[in-house]
Amino acid sequence: MAAILSTTIASGAAIGQEAAMNEKHADAAVTYRQSLFQLIRSNMGPLGGMAKGAIPFDQAVIETNGMRLEQLADMLSDYLKVDTRKFDVDTEAKDEIWENWSDFEGKIEALKTASANLTAVAQTGDESQYRAAIGKVGASCKSCHDDFKAD
Ligand code: ASC
């Protein structure tokens, strides 16, 4: 364990991260993490439409997508831990993700919490709470993008 720890520190990566080994590894990591974000986006899309009033509230969709968002959020740490900073990859992921890894993990936790809350709210069937609960999920997306996404 001590040997693993010192090796990790010497390579400059924080605990929980791993440096991409080569360009191919880095490119694959970008493809996989962008795929995960696309699934998050796909599940967030209808919820955003409901919160805006563009489509009617649908309890079943809110419950399903809330559960999926929690599950997808649970994968974020694994898919983002591959540190691609040393490679010339086409990415909107900011270096700060790996520089401030514990802050980044805090943002992931916020998405998990907001998603679990959304599912719980949908299960109550109290439509008056839907918009605010969706808003909390959207706010967790934005809070992370503000710090960690280049756009
Ligand atoms: C979405 C989406 C995001 C977030 C963000 C919230 O639906 O695609 O990136 O919500 O816009 O502010």
# chains A, B, ... in the order shown; residues from 1 in each chain; ligands from 1

call {"tool": "select_by_dssp", "arguments": {"residues": "region 2-90 of chain A", "states": "strand (DSSP E or B)", "output": "PDB file with C-alpha atoms, in the first residue's frame"}}
result
ATOM      1  CA  GLU A  18      -5.133   7.465 -13.166  1.00  0.00           C
ATOM      2  CA  ALA A  19      -3.075   9.164 -15.861  1.00  0.00           C
ATOM      3  CA  VAL A  82      -8.671   8.965 -16.418  1.00  0.00           C
ATOM      4  CA  ASP A  83      -6.557  12.107 -16.487  1.00  0.00           C
TER       5      ASP A  83
END

call {"tool": "residues_around", "arguments": {"residues": "region 138-146 of chain A", "least_positions_apart": "3", "cutoff": "10 Å", "atoms": "only C-alpha atoms", "output": "PyMOL selection string"}}
result
chain A and resi 40-41+44+47-48+51+92-94+97+103-115+132-135+149-151

call {"tool": "closest_residue", "arguments": {"among": "A:His25, A:Gly16, A:Phe87, A:Lys52", "to": "ligand 1", "atoms": "only C-alpha atoms and all ligand atoms"}}
result
A:Lys52

call {"tool": "atom_distance", "arguments": {"atom1": "atom 11 (O, counted along the ligand's line) of ligand 1", "atom2": "CA of Gln17 (chain A)"}}
result
26.9 Å

call {"tool": "select_by_dssp", "arguments": {"residues": "chain A", "states": "alpha helix (DSSP H)", "output": "NGL selection string"}}
result
:A and (2-10 or 23-52 or 59-80 or 96-99 or 101-124 or 130-148)

call {"tool": "residues_around", "arguments": {"residues": "Gln129 (chain A)", "least_positions_apart": "2", "cutoff": "12 Å", "atoms": "only C-alpha atoms", "output": "number ranges by chain"}}
result
A: 51, 57, 59, 62, 117-127, 131-136

call {"tool": "write_last_selection", "arguments": {"atoms": "C-alpha atoms", "output": "CSV table (one decimal), in the first residue's frame"}}
result
chain,number,residue,atom,x,y,z
A,51,ALA,CA,-39.8,22.4,-15.9
A,57,PHE,CA,-45.4,16.8,-16.3
A,59,GLN,CA,-44.8,11.3,-13.2
A,62,ILE,CA,-39.7,11.9,-13.9
A,117,ASN,CA,-34.6,13.6,-4.4
A,118,LEU,CA,-36.3,14.0,-7.8
A,119,THR,CA,-37.2,10.3,-7.8
A,120,ALA,CA,-38.5,10.5,-4.3
A,121,VAL,CA,-40.6,13.6,-5.2
A,122,ALA,CA,-42.0,11.9,-8.3
A,123,GLN,CA,-43.0,8.9,-6.1
A,124,THR,CA,-45.1,11.2,-3.9
A,125,GLY,CA,-47.1,12.2,-7.0
A,126,ASP,CA,-47.2,15.8,-5.7
A,127,GLU,CA,-47.0,17.7,-8.9
A,131,ARG,CA,-40.5,22.0,-10.9
A,132,ALA,CA,-38.4,22.8,-7.9
A,133,ALA,CA,-37.0,19.2,-7.8
A,134,ILE,CA,-36.0,19.3,-11.5
A,135,GLY,CA,-34.5,22.7,-10.9
A,136,LYS,CA,-32.2,21.3,-8.2

call {"tool": "closest_residue", "arguments": {"among": "A:Ala73, A:Met21, A:Leu39, A:Ile15", "to": "ligand 1", "atoms": "only C-alpha atoms and all ligand atoms"}}
result
A:Leu39

call {"tool": "closest_residue", "arguments": {"among": "A:Ala26, A:Asn43, A:Leu72, A:Glu99", "to": "ligand 1", "atoms": "only C-alpha atoms and all ligand atoms"}}
result
A:Asn43

call {"tool": "closest_residue", "arguments": {"among": "A:Ser42, A:Ser128, A:Thr64, A:Ser77", "to": "ligand 1", "atoms": "only C-alpha atoms and all ligand atoms"}}
result
A:Ser42

call {"tool": "atom_distance", "arguments": {"atom1": "atom 11 (O, counted along the ligand's line) of ligand 1", "atom2": "CA of Asn65 (chain A)"}}
result
16.2 Å

call {"tool": "atom_distance", "arguments": {"atom1": "CA of Asp88 (chain A)", "atom2": "CA of Thr31 (chain A)"}}
result
13.6 Å

call {"tool": "closest_residue", "arguments": {"among": "A:Met67, A:Ala28, A:Val61, A:Val137", "to": "ligand 1", "atoms": "only C-alpha atoms and all ligand atoms"}}
result
A:Val137

call {"tool": "closest_residue", "arguments": {"among": "A:Asp95, A:Asn100, A:Ala116, A:Leu80", "to": "Gln34 (chain A)", "atoms": "only C-alpha atoms"}}
result
A:Leu80
